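Enquirer: So here's model03.cif, just mmCIF, C-alpha atoms and all ligand atoms:
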```
data_query
#
loop_
_atom_site.group_PDB
_atom_site.id
_atom_site.type_symbol
_atom_site.label_atom_id
_atom_site.label_comp_id
_atom_site.auth_asym_id
_atom_site.auth_seq_id
_atom_site.Cartn_x
_atom_site.Cartn_y
_atom_site.Cartn_z
ATOM 1 C CA MET A 1 -32.122 8.265 -15.975
ATOM 2 C CA SER A 2 -28.809 7.731 -17.780
ATOM 3 C CA GLU A 3 -27.504 4.251 -18.592
ATOM 4 C CA LYS A 4 -25.029 2.565 -16.275
ATOM 5 C CA ILE A 5 -21.303 2.455 -17.080
ATOM 6 C CA LYS A 6 -20.386 -1.122 -18.021
ATOM 7 C CA GLY A 7 -17.126 -1.985 -16.263
ATOM 8 C CA LEU A 8 -14.683 -4.805 -16.971
ATOM 9 C CA LEU A 9 -12.036 -5.038 -14.242
ATOM 10 C CA ASP A 10 -8.628 -6.675 -14.782
ATOM 11 C CA LEU A 11 -7.282 -7.606 -11.346
ATOM 12 C CA ASP A 12 -4.196 -9.337 -9.917
ATOM 13 C CA THR A 13 -6.443 -9.892 -6.947
ATOM 14 C CA GLY A 14 -4.565 -8.770 -3.882
ATOM 15 C CA ILE A 15 -5.831 -6.480 -1.121
ATOM 16 C CA ASP A 16 -6.295 -3.164 -2.945
ATOM 17 C CA ASP A 17 -7.725 -4.987 -5.967
ATOM 18 C CA ALA A 18 -10.331 -6.453 -3.585
ATOM 19 C CA LEU A 19 -11.111 -2.910 -2.411
ATOM 20 C CA ALA A 20 -11.523 -1.786 -6.032
ATOM 21 C CA LEU A 21 -13.940 -4.656 -6.615
ATOM 22 C CA ALA A 22 -16.042 -3.640 -3.602
ATOM 23 C CA TYR A 23 -15.930 -0.002 -4.755
ATOM 24 C CA VAL A 24 -17.377 -0.880 -8.161
ATOM 25 C CA LEU A 25 -20.036 -3.180 -6.691
ATOM 26 C CA GLY A 26 -21.078 -0.375 -4.347
ATOM 27 C CA SER A 27 -21.258 2.240 -7.139
ATOM 28 C CA PRO A 28 -24.797 2.913 -8.337
ATOM 29 C CA GLU A 29 -23.602 4.288 -11.727
ATOM 30 C CA ALA A 30 -21.641 1.136 -12.608
ATOM 31 C CA GLU A 31 -22.558 -2.333 -13.763
ATOM 32 C CA LEU A 32 -19.705 -4.843 -13.436
ATOM 33 C CA VAL A 33 -19.851 -7.137 -16.480
ATOM 34 C CA GLY A 34 -16.823 -9.293 -15.639
ATOM 35 C CA VAL A 35 -13.438 -9.623 -14.003
ATOM 36 C CA VAL A 36 -10.357 -10.730 -15.932
ATOM 37 C CA CYS A 37 -7.597 -12.085 -13.698
ATOM 38 C CA SER A 38 -3.861 -11.728 -14.004
ATOM 39 C CA TYR A 39 -0.693 -12.819 -12.251
ATOM 40 C CA GLY A 40 0.962 -10.036 -10.208
ATOM 41 C CA ASN A 41 0.274 -9.826 -6.487
ATOM 42 C CA VAL A 42 -0.376 -13.596 -6.683
ATOM 43 C CA THR A 43 -0.419 -16.257 -9.391
ATOM 44 C CA VAL A 44 -3.290 -16.022 -11.877
ATOM 45 C CA ASP A 45 -4.940 -19.122 -10.368
ATOM 46 C CA THR A 46 -4.917 -17.532 -6.917
ATOM 47 C CA ALA A 47 -6.195 -14.240 -8.379
ATOM 48 C CA ALA A 48 -9.142 -16.134 -9.915
ATOM 49 C CA ARG A 49 -9.823 -18.043 -6.690
ATOM 50 C CA ASN A 50 -9.713 -14.798 -4.699
ATOM 51 C CA THR A 51 -12.018 -13.033 -7.140
ATOM 52 C CA LEU A 52 -14.576 -15.861 -7.058
ATOM 53 C CA LEU A 53 -14.437 -15.936 -3.298
ATOM 54 C CA LEU A 54 -14.862 -12.145 -2.988
ATOM 55 C CA LEU A 55 -17.769 -12.087 -5.430
ATOM 56 C CA GLU A 56 -19.477 -14.794 -3.418
ATOM 57 C CA LEU A 57 -18.843 -12.916 -0.169
ATOM 58 C CA LEU A 58 -20.212 -9.710 -1.706
ATOM 59 C CA GLY A 59 -23.320 -11.467 -2.989
ATOM 60 C CA ARG A 60 -22.490 -11.357 -6.708
ATOM 61 C CA PRO A 61 -21.401 -14.906 -7.681
ATOM 62 C CA ASP A 62 -23.196 -14.358 -11.008
ATOM 63 C CA ILE A 63 -20.445 -12.069 -12.371
ATOM 64 C CA PRO A 64 -18.161 -13.914 -14.816
ATOM 65 C CA VAL A 65 -14.508 -14.360 -13.852
ATOM 66 C CA TYR A 66 -11.913 -15.012 -16.558
ATOM 67 C CA LEU A 67 -8.409 -16.465 -16.367
ATOM 68 C CA GLY A 68 -5.959 -14.129 -18.074
ATOM 69 C CA ALA A 69 -2.176 -14.175 -18.433
ATOM 70 C CA ASP A 70 -0.168 -16.353 -16.075
ATOM 71 C CA ARG A 71 3.181 -14.642 -16.741
ATOM 72 C CA PRO A 72 4.731 -11.560 -18.405
ATOM 73 C CA LEU A 73 5.077 -11.435 -22.214
ATOM 74 C CA GLY A 74 8.129 -13.398 -23.222
ATOM 75 C CA ALA A 75 8.678 -14.978 -19.765
ATOM 76 C CA ARG A 76 9.841 -18.575 -19.978
ATOM 77 C CA GLY A 77 9.132 -19.891 -16.496
ATOM 78 C CA PRO A 78 5.911 -19.758 -14.506
ATOM 79 C CA PHE A 79 5.341 -16.636 -12.393
ATOM 80 C CA GLU A 80 5.708 -16.693 -8.608
ATOM 81 C CA PRO A 81 5.169 -13.489 -6.609
ATOM 82 C CA PRO A 82 8.409 -12.220 -5.036
ATOM 83 C CA ALA A 83 8.865 -12.369 -1.240
ATOM 84 C CA GLY A 84 8.295 -8.614 -0.835
ATOM 85 C CA VAL A 85 4.882 -8.867 -2.504
ATOM 86 C CA VAL A 86 3.925 -11.911 -0.407
ATOM 87 C CA ARG A 87 4.710 -9.854 2.692
ATOM 88 C CA ILE A 88 2.445 -7.014 1.522
ATOM 89 C CA HIS A 89 -0.600 -9.007 0.349
ATOM 90 C CA GLY A 90 -0.112 -12.222 2.347
ATOM 91 C CA ARG A 91 0.518 -15.741 1.026
ATOM 92 C CA ASP A 92 -3.082 -15.963 -0.168
ATOM 93 C CA GLY A 93 -3.098 -12.412 -1.567
ATOM 94 C CA LEU A 94 -5.874 -11.360 0.830
ATOM 95 C CA GLY A 95 -3.847 -10.726 3.982
ATOM 96 C CA ASP A 96 -3.968 -14.349 5.256
ATOM 97 C CA VAL A 97 -7.032 -13.565 7.362
ATOM 98 C CA LEU A 98 -9.494 -16.039 5.837
ATOM 99 C CA THR A 99 -10.964 -18.475 8.297
ATOM 100 C CA GLU A 100 -10.195 -22.161 7.705
ATOM 101 C CA ASN A 101 -13.768 -22.698 6.741
ATOM 102 C CA ARG A 102 -14.014 -20.029 4.159
ATOM 103 C CA SER A 103 -10.624 -20.656 2.558
ATOM 104 C CA ARG A 104 -11.377 -24.355 2.217
ATOM 105 C CA ASN A 105 -14.753 -23.786 0.590
ATOM 106 C CA ALA A 106 -14.141 -24.052 -3.132
ATOM 107 C CA PRO A 107 -16.029 -21.262 -4.899
ATOM 108 C CA ARG A 108 -19.139 -22.568 -6.618
ATOM 109 C CA ALA A 109 -18.520 -20.976 -9.985
ATOM 110 C CA ALA A 110 -15.336 -21.656 -11.916
ATOM 111 C CA ALA A 111 -13.199 -19.173 -13.787
ATOM 112 C CA ARG A 112 -13.679 -19.160 -17.561
ATOM 113 C CA ARG A 113 -10.788 -19.415 -19.979
ATOM 114 C CA ASP A 114 -12.357 -17.607 -22.949
ATOM 115 C CA GLY A 115 -14.768 -14.860 -23.739
ATOM 116 C CA TRP A 116 -13.330 -11.759 -22.095
ATOM 117 C CA VAL A 117 -11.825 -10.320 -25.297
ATOM 118 C CA GLU A 118 -15.317 -10.442 -26.837
ATOM 119 C CA THR A 119 -16.640 -8.520 -23.823
ATOM 120 C CA LEU A 120 -13.784 -6.034 -24.215
ATOM 121 C CA CYS A 121 -14.679 -5.533 -27.890
ATOM 122 C CA ASP A 122 -18.174 -4.472 -26.834
ATOM 123 C CA THR A 123 -17.688 -0.790 -27.678
ATOM 124 C CA ASP A 124 -19.353 0.456 -24.488
ATOM 125 C CA VAL A 125 -17.113 -1.290 -22.007
ATOM 126 C CA SER A 126 -14.914 0.687 -19.643
ATOM 127 C CA TYR A 127 -11.837 -1.490 -19.050
ATOM 128 C CA VAL A 128 -9.892 -0.964 -15.816
ATOM 129 C CA PRO A 129 -6.626 -2.901 -15.367
ATOM 130 C CA THR A 130 -5.164 -2.694 -11.871
ATOM 131 C CA GLY A 131 -2.386 -5.248 -12.363
ATOM 132 C CA PRO A 132 0.251 -5.757 -15.081
ATOM 133 C CA LEU A 133 -0.862 -4.741 -18.592
ATOM 134 C CA THR A 134 -0.167 -8.198 -20.059
ATOM 135 C CA ASN A 135 -3.825 -9.100 -20.715
ATOM 136 C CA LEU A 136 -4.421 -5.836 -22.575
ATOM 137 C CA ALA A 137 -1.227 -6.247 -24.633
ATOM 138 C CA GLU A 138 -2.368 -9.775 -25.593
ATOM 139 C CA ALA A 139 -5.824 -8.450 -26.553
ATOM 140 C CA LEU A 140 -4.190 -5.791 -28.754
ATOM 141 C CA LYS A 141 -2.186 -8.492 -30.535
ATOM 142 C CA MET A 142 -5.395 -10.463 -31.183
ATOM 143 C CA THR A 143 -7.460 -7.393 -32.157
ATOM 144 C CA PRO A 144 -5.196 -4.753 -33.738
ATOM 145 C CA ASP A 145 -8.199 -2.443 -34.418
ATOM 146 C CA LEU A 146 -9.030 -2.240 -30.710
ATOM 147 C CA PRO A 147 -7.521 1.274 -30.249
ATOM 148 C CA LYS A 148 -10.106 2.631 -32.703
ATOM 149 C CA SER A 149 -13.125 1.300 -30.856
ATOM 150 C CA LEU A 150 -12.255 0.866 -27.184
ATOM 151 C CA PRO A 151 -13.246 3.778 -24.918
ATOM 152 C CA ARG A 152 -10.431 5.279 -22.820
ATOM 153 C CA VAL A 153 -8.805 2.608 -20.605
ATOM 154 C CA THR A 154 -8.165 3.751 -17.023
ATOM 155 C CA PHE A 155 -5.262 1.788 -15.538
ATOM 156 C CA MET A 156 -3.483 1.759 -12.180
ATOM 157 C CA GLY A 157 0.233 1.893 -12.757
ATOM 158 C CA GLY A 158 3.285 4.028 -13.349
ATOM 159 C CA ALA A 159 4.813 7.085 -11.729
ATOM 160 C CA LEU A 160 5.573 10.252 -13.677
ATOM 161 C CA CYS A 161 6.777 12.804 -11.099
ATOM 162 C CA VAL A 162 7.361 10.639 -8.026
ATOM 163 C CA PRO A 163 9.709 7.695 -7.305
ATOM 164 C CA GLY A 164 8.649 4.112 -7.984
ATOM 165 C CA ASN A 165 7.587 1.636 -5.314
ATOM 166 C CA VAL A 166 9.577 -1.449 -6.389
ATOM 167 C CA THR A 167 12.674 0.303 -7.697
ATOM 168 C CA PRO A 168 13.577 3.986 -7.432
ATOM 169 C CA CYS A 169 12.115 4.413 -10.939
ATOM 170 C CA ALA A 170 9.398 1.797 -11.388
ATOM 171 C CA GLU A 171 5.908 1.138 -10.073
ATOM 172 C CA ALA A 172 4.954 -2.512 -9.460
ATOM 173 C CA ASN A 173 2.321 -3.087 -12.171
ATOM 174 C CA ILE A 174 4.512 -1.596 -14.911
ATOM 175 C CA ARG A 175 7.668 -3.294 -13.574
ATOM 176 C CA ASN A 176 5.931 -6.681 -13.724
ATOM 177 C CA ASP A 177 5.736 -6.464 -17.525
ATOM 178 C CA PRO A 178 7.425 -3.362 -18.994
ATOM 179 C CA GLU A 179 7.168 -4.721 -22.551
ATOM 180 C CA ALA A 180 3.392 -5.128 -22.255
ATOM 181 C CA ALA A 181 2.962 -1.646 -20.760
ATOM 182 C CA ASP A 182 5.148 -0.113 -23.474
ATOM 183 C CA ALA A 183 3.157 -1.870 -26.212
ATOM 184 C CA VAL A 184 -0.135 -0.618 -24.724
ATOM 185 C CA LEU A 185 1.079 2.974 -24.257
ATOM 186 C CA ARG A 186 2.429 3.173 -27.817
ATOM 187 C CA SER A 187 -0.526 1.388 -29.494
ATOM 188 C CA GLY A 188 -2.626 4.497 -30.072
ATOM 189 C CA LEU A 189 -5.120 3.362 -27.431
ATOM 190 C CA LYS A 190 -6.583 6.199 -25.346
ATOM 191 C CA THR A 191 -5.572 5.692 -21.724
ATOM 192 C CA ARG A 192 -5.793 7.407 -18.352
ATOM 193 C CA MET A 193 -2.878 6.676 -16.010
ATOM 194 C CA ILE A 194 -3.673 6.532 -12.301
ATOM 195 C CA GLY A 195 -0.138 6.193 -10.966
ATOM 196 C CA LEU A 196 1.676 6.724 -7.685
ATOM 197 C CA ASP A 197 1.552 10.501 -8.336
ATOM 198 C CA VAL A 198 -2.075 10.388 -7.178
ATOM 199 C CA THR A 199 -2.543 7.044 -5.409
ATOM 200 C CA HIS A 200 -0.024 8.023 -2.725
ATOM 201 C CA GLN A 201 -2.301 10.977 -1.901
ATOM 202 C CA VAL A 202 -5.342 8.857 -0.957
ATOM 203 C CA ILE A 203 -4.845 7.138 2.385
ATOM 204 C CA LEU A 204 -7.091 4.828 4.395
ATOM 205 C CA THR A 205 -6.709 4.544 8.192
ATOM 206 C CA ARG A 206 -7.652 2.025 10.903
ATOM 207 C CA GLU A 207 -10.501 4.327 11.983
ATOM 208 C CA ASP A 208 -11.977 3.793 8.518
ATOM 209 C CA THR A 209 -11.686 -0.003 8.600
ATOM 210 C CA ALA A 210 -13.235 -0.034 12.102
ATOM 211 C CA ARG A 211 -16.429 1.274 10.475
ATOM 212 C CA TRP A 212 -16.569 -1.827 8.269
ATOM 213 C CA ARG A 213 -16.089 -4.142 11.259
ATOM 214 C CA ALA A 214 -18.900 -2.319 13.056
ATOM 215 C CA LEU A 215 -21.306 -3.187 10.217
ATOM 216 C CA GLY A 216 -21.544 -6.646 11.816
ATOM 217 C CA THR A 217 -21.484 -8.511 8.472
ATOM 218 C CA ALA A 218 -19.102 -11.282 7.407
ATOM 219 C CA ALA A 219 -17.967 -9.127 4.489
ATOM 220 C CA GLY A 220 -17.408 -6.114 6.785
ATOM 221 C CA ARG A 221 -15.294 -8.158 9.226
ATOM 222 C CA PHE A 222 -13.277 -9.788 6.472
ATOM 223 C CA PHE A 223 -12.535 -6.527 4.632
ATOM 224 C CA ALA A 224 -11.560 -4.808 7.899
ATOM 225 C CA ASP A 225 -9.152 -7.621 8.889
ATOM 226 C CA MET A 226 -7.684 -7.894 5.397
ATOM 227 C CA THR A 227 -7.121 -4.134 5.082
ATOM 228 C CA ASP A 228 -5.638 -3.867 8.585
ATOM 229 C CA HIS A 229 -2.977 -6.346 7.429
ATOM 230 C CA TYR A 230 -2.226 -3.968 4.514
ATOM 231 C CA ILE A 231 -2.087 -0.978 6.900
ATOM 232 C CA ASP A 232 0.344 -2.940 9.179
ATOM 233 C CA ILE A 233 2.744 -3.313 6.266
ATOM 234 C CA TYR A 234 2.427 0.352 5.286
ATOM 235 C CA GLU A 235 3.180 1.333 8.890
ATOM 236 C CA LYS A 236 6.416 -0.695 8.681
ATOM 237 C CA ASN A 237 7.471 0.305 5.170
ATOM 238 C CA ASN A 238 6.044 3.829 4.832
ATOM 239 C CA PRO A 239 5.383 5.158 8.359
ATOM 240 C CA HIS A 240 5.147 8.754 7.066
ATOM 241 C CA MET A 241 1.960 7.915 5.147
ATOM 242 C CA GLY A 242 -0.287 7.332 8.173
ATOM 243 C CA GLY A 243 -2.258 4.474 6.603
ATOM 244 C CA CYS A 244 -2.404 2.522 3.338
ATOM 245 C CA ALA A 245 -2.577 3.898 -0.206
ATOM 246 C CA LEU A 246 -5.776 3.182 -2.155
ATOM 247 C CA HIS A 247 -4.106 2.475 -5.505
ATOM 248 C CA ASP A 248 -6.623 0.283 -7.307
ATOM 249 C CA PRO A 249 -9.823 1.821 -5.884
ATOM 250 C CA LEU A 250 -8.724 5.238 -7.179
ATOM 251 C CA ALA A 251 -8.373 3.819 -10.706
ATOM 252 C CA ALA A 252 -11.869 2.307 -10.487
ATOM 253 C CA ALA A 253 -13.234 5.612 -9.170
ATOM 254 C CA ALA A 254 -11.573 7.690 -11.913
ATOM 255 C CA ALA A 255 -13.027 5.375 -14.562
ATOM 256 C CA ILE A 256 -16.515 6.043 -13.181
ATOM 257 C CA ASP A 257 -15.937 9.749 -12.461
ATOM 258 C CA PRO A 258 -12.884 11.234 -14.229
ATOM 259 C CA SER A 259 -13.520 14.618 -12.569
ATOM 260 C CA LEU A 260 -11.892 13.213 -9.398
ATOM 261 C CA VAL A 261 -8.478 13.691 -11.015
ATOM 262 C CA THR A 262 -6.762 16.433 -12.995
ATOM 263 C CA CYS A 263 -4.534 15.140 -15.776
ATOM 264 C CA LEU A 264 -1.594 16.117 -17.939
ATOM 265 C CA PRO A 265 -2.115 15.047 -21.571
ATOM 266 C CA ALA A 266 1.016 13.161 -22.735
ATOM 267 C CA ASN A 267 2.343 10.433 -24.989
ATOM 268 C CA LEU A 268 4.132 7.906 -22.814
ATOM 269 C CA ARG A 269 6.483 5.017 -23.212
ATOM 270 C CA VAL A 270 8.216 2.653 -20.802
ATOM 271 C CA GLU A 271 11.955 2.298 -20.275
ATOM 272 C CA LEU A 272 12.941 -1.296 -21.052
ATOM 273 C CA ASP A 273 16.647 -1.454 -20.231
ATOM 274 C CA GLY A 274 19.041 -1.024 -17.363
ATOM 275 C CA PRO A 275 18.334 0.297 -13.873
ATOM 276 C CA VAL A 276 15.443 2.480 -15.102
ATOM 277 C CA ARG A 277 13.560 -0.558 -16.506
ATOM 278 C CA GLY A 278 9.848 -0.089 -15.876
ATOM 279 C CA ARG A 279 9.913 3.704 -15.610
ATOM 280 C CA THR A 280 7.032 5.540 -17.332
ATOM 281 C CA VAL A 281 8.319 8.569 -19.276
ATOM 282 C CA CYS A 282 7.120 10.975 -21.978
ATOM 283 C CA ASP A 283 8.013 9.490 -25.358
ATOM 284 C CA PRO A 284 10.675 11.777 -26.929
ATOM 285 C CA GLU A 285 9.590 10.682 -30.415
ATOM 286 C CA ARG A 286 6.000 11.862 -29.851
ATOM 287 C CA LEU A 287 6.702 14.867 -27.640
ATOM 288 C CA ARG A 288 5.595 17.417 -30.256
ATOM 289 C CA ASP A 289 2.577 15.461 -31.543
ATOM 290 C CA ALA A 290 -0.550 17.578 -31.163
ATOM 291 C CA GLU A 291 -2.633 14.550 -30.237
ATOM 292 C CA LYS A 292 -1.884 12.969 -26.854
ATOM 293 C CA ASP A 293 -3.020 9.400 -26.107
ATOM 294 C CA CYS A 294 -2.698 9.364 -22.360
ATOM 295 C CA GLU A 295 -4.169 11.492 -19.597
ATOM 296 C CA VAL A 296 -1.708 11.262 -16.706
ATOM 297 C CA ALA A 297 -3.404 12.003 -13.376
ATOM 298 C CA LEU A 298 -1.290 14.368 -11.259
ATOM 299 C CA ILE A 299 -3.849 15.971 -8.958
ATOM 300 C CA VAL A 300 -6.651 14.235 -7.051
ATOM 301 C CA ASP A 301 -9.568 15.562 -5.039
ATOM 302 C CA ALA A 302 -8.621 13.333 -2.095
ATOM 303 C CA PRO A 303 -11.364 14.381 0.365
ATOM 304 C CA ARG A 304 -14.119 13.817 -2.224
ATOM 305 C CA PHE A 305 -12.656 10.469 -3.303
ATOM 306 C CA LEU A 306 -12.241 9.225 0.279
ATOM 307 C CA GLY A 307 -15.804 10.188 1.161
ATOM 308 C CA GLU A 308 -17.150 8.385 -1.892
ATOM 309 C CA PHE A 309 -14.872 5.399 -1.289
ATOM 310 C CA LEU A 310 -16.140 4.878 2.260
ATOM 311 C CA ALA A 311 -19.782 5.274 1.263
ATOM 312 C CA ARG A 312 -19.539 2.892 -1.692
ATOM 313 C CA VAL A 313 -17.481 0.194 -0.003
ATOM 314 C CA GLU A 314 -19.819 0.308 2.994
ATOM 315 C CA ARG A 315 -22.781 -0.199 0.650
ATOM 316 C CA ALA A 316 -21.070 -3.271 -0.835
ATOM 317 C CA LEU A 317 -20.227 -4.715 2.604
ATOM 318 C CA ALA A 318 -23.566 -4.046 4.329
HETATM 319 O O1 LIG B 401 1.825 -0.286 -7.221
HETATM 320 C C1 LIG B 401 0.572 -0.596 -6.732
HETATM 321 C C2 LIG B 401 -0.042 -1.702 -7.533
HETATM 322 O O2 LIG B 401 0.719 -2.886 -7.403
HETATM 323 C C3 LIG B 401 -1.451 -2.075 -7.107
HETATM 324 O O3 LIG B 401 -2.192 -2.411 -8.244
HETATM 325 C C4 LIG B 401 -1.237 -3.296 -6.243
HETATM 326 O O4 LIG B 401 -2.367 -4.120 -6.197
HETATM 327 C C5 LIG B 401 -0.072 -3.966 -6.918
HETATM 328 O O5 LIG B 401 -0.519 -4.754 -7.965
HETATM 329 CA CA CA B 402 -3.381 -4.553 -8.287
#
```
Represent the structure from my file as structure tokens, please.

Expert:
Amino acid sequence: MSEKIKGLLDLDTGIDDALALAYVLGSPEAELVGVVCSYGNVTVDTAARNTLLLLELLGRPDIPVYLGADRPLGARGPFEPPAGVVRIHGRDGLGDVLTENRSRNAPRAAARRDGWVETLCDTDVSYVPTGPLTNLAEALKMTPDLPKSLPRVTFMGGALCVPGNVTPCAEANIRNDPEAADAVLRSGLKTRMIGLDVTHQVILTREDTARWRALGTAAGRFFADMTDHYIDIYEKNNPHMGGCALHDPLAAAAAIDPSLVTCLPANLRVELDGPVRGRTVCDPERLRDAEKDCEVALIVDAPRFLGEFLARVERALA
């Protein structure tokens, strides 16, 4: 039997990040070795609290949780999620559906401040950021040789052929820290971009979440309620989609099984100025380079992914 894939998630733990976490915990080929937290959907402290709480709910309080960046590179003030993001993920980042009891229970384990870069430097680790790329940009500053040793990083973010979701040009994770994303994409690191081009093709419905509620477990009920909140918002903001997009779970899935997506090899950079700030584009200066650093996912086997998603998340919630 082949060895398990060691996964290190980097989450700004909101609703679809929570779904990615459950996906990995329900995947028999993967072993989750840690979760690094970031600001983004929530503050970094809330992301860490949410991650600890979810790991406890999913029966894995042993997995280490690390506190990462609390703000974008170069930001002066502390980060607060904008009102639009609070509407999508709730004030607590998990759809505001926690019972009094559970939300008041402080998680037993505490988030660690150090140690995740060492885990990242373990050459076997598959790193999957599903929030801003600030933590990875900081790690590259600390460890400039990282691009030579780190296996391909699969990240959720960006939009190559479709419009953005926070501005007409920019996707939320990249827009949160364009400088960090640009530094990562031009560092020589091998990456796989799971952007809106593919995540807007994988949609979860209320019929799907009803299956989790029917499991009769606390985790099943919580995940169903939380995700229904997310679907409510999608119905208001994107009624044509017929459910919610599974952004972060698709990135986790493509890290475990890259054959779920078909990619365009490209060298990317991020626009840093003006109204296009945060847009992911092909880097004109590296357009003719034979070697391409990034695999940009443009096609996804949606039926296969959705089937695997439901099976794996159900296993984690049972
Ligand atoms: O654009 C979608 C991304 O932004 C997801 O990672 C979601 O969790 C938010 O961070
Ligand atoms: Ca996210």

Enquirer: Compile the contact shell of Ala252 (chain A) as JSON, numbers by chain: residues with an atom at most 12 Å away, counting only C-alpha atoms, same-chain residues fewer than 3 positions apart removed.

Expert: {"A": [5, 6, 7, 8, 9, 10, 11, 16, 17, 18, 19, 20, 21, 22, 23, 24, 25, 26, 27, 29, 30, 32, 126, 127, 128, 129, 130, 153, 154, 155, 156, 192, 193, 194, 199, 246, 247, 248, 249, 255, 256, 257, 258, 260, 261, 305, 308, 309, 312]}

Enquirer: List the spatial neighbours of Val36 (chain A) as a PyMOL selection string - criterion: any atom at most 7 Å away, only C-alpha atoms, same-chain residues fewer than 2 positions off excluded.

Expert: chain A and resi 9-11+34+38+65-68+116

Enquirer: Give me the residues near Leu55 (chain A) as number ranges by chain, where near means some atom within 12 Å (using all atoms listed in the file) and where sequence neighbours in that chain fewer than 2 positions away do not count.

Expert: A: 13, 18-19, 21-22, 24-25, 32, 34-35, 48-53, 57-65, 107-111, 219, 316-317

Enquirer: If the PyMOL selection byres (((chain A and resi 273-280) around 10) and not hetatm) were run on this exact file, what residues would it hold? Put them as a ChimeraX atom specification.

Expert: /A:157-161,163-164,166-179,181-182,185,195,268-272,281-283

Enquirer: What box, with edges along x, y and z, holds each listed atom of ligand LIG 401 (chain B) when 8 Å is added on every side, and can you state its centre and edge lengths in Å to one decimal, as JSON?

Expert:
```
{"center_x": -0.3, "center_y": -2.5, "center_z": -7.2, "size_x": 20.2, "size_y": 20.5, "size_z": 18.0}
```

Enquirer: Given the file shown, determine the residues that the PyMOL selection byres (((chain A and resi 226) around 9) and not hetatm) selects; report them as number ranges by chain.

Expert: A: 15, 89, 94-98, 221-225, 227-230

Enquirer: Between A:Leu250, A:Leu150, A:Val33, A:Ile299, which is the closest to ligand LIG 401 (chain B) once you count only C-alpha atoms and all ligand atoms?

Expert: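 Residue with the minimum atom-to-atom distance to ligand LIG 401 (chain B): A:Leu250.
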
Enquirer: For Pro265 (chain A), list every protein, DNA or RNA residue within 6 Å, evaluated using all atoms listed in the file, and leave out those in the same chain fewer than 3 positions away; present the list as a PyMOL selection string.

Expert: chain A and resi 292+294-295

Enquirer: Give me, please, the distance in Å between CA of Asp197 (chain A) and CA of Val300 (chain A), quoted to one decimal.

Expert: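 Pair CA of Asp197 (chain A) / CA of Val300 (chain A) returns 9.1 Å.
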
Enquirer: Taking the file as shown, what set of residues would the PyMOL selection byres (((chain A and resi 134) around 7) and not hetatm) give back, as a ChimeraX atom specification?

Expert: /A:69,72-73,132-133,135-138,177,180

Enquirer: Please, what distance in Å, to one decimal, runs between CA of Ala83 (chain A) and CA of Gly14 (chain A)?

Expert: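 Distance reported for this atom pair: 14.2 Å.
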
Enquirer: Which of these, A:Leu189, A:Ile231, A:Cys37, A:Val313, has the shortest distance to ligand CA 402 (chain B) once you count only C-alpha atoms and all ligand atoms?

Expert: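 Closest candidate: A:Cys37.
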
Enquirer: Which residue gives the smallest distance to Ile233 (chain A) among A:Gly90, A:Gly188, A:Pro284, A:Gly307, with all atoms listed in the file counted?

Expert: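 Checking each candidate against Ile233 (chain A), we get A:Gly90 as the closest.
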
Enquirer: Provide the CA of Thr262 (chain A) to CA of Ala297 (chain A) distance in Å, to one decimal place.

Expert: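 Separation between CA of Thr262 (chain A) and CA of Ala297 (chain A): 5.6 Å.
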
Enquirer: Considering all atoms listed in the file, can you say which of A:Leu287, A:Leu298, A:Ala251, A:Cys244 comes closest to ligand CA 402 (chain B)?

Expert: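 Smallest distance to ligand CA 402 (chain B) is found for A:Ala251.
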
Enquirer: When you count all atoms listed in the file, which of these residues is closest to ligand LIG 401 (chain B): A:Arg213, A:Arg113, A:Arg91, A:His200?

Expert: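 Of A:Arg213, A:Arg113, A:Arg91, A:His200, the one nearest ligand LIG 401 (chain B), counting all atoms listed in the file, is A:His200.
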
Enquirer: May I ask which of the residues A:Asp232, A:Asp12, A:Asp124, A:Asp289 is the closest one to ligand CA 402 (chain B), counting only C-alpha atoms and all ligand atoms?

Expert: A:Asp12
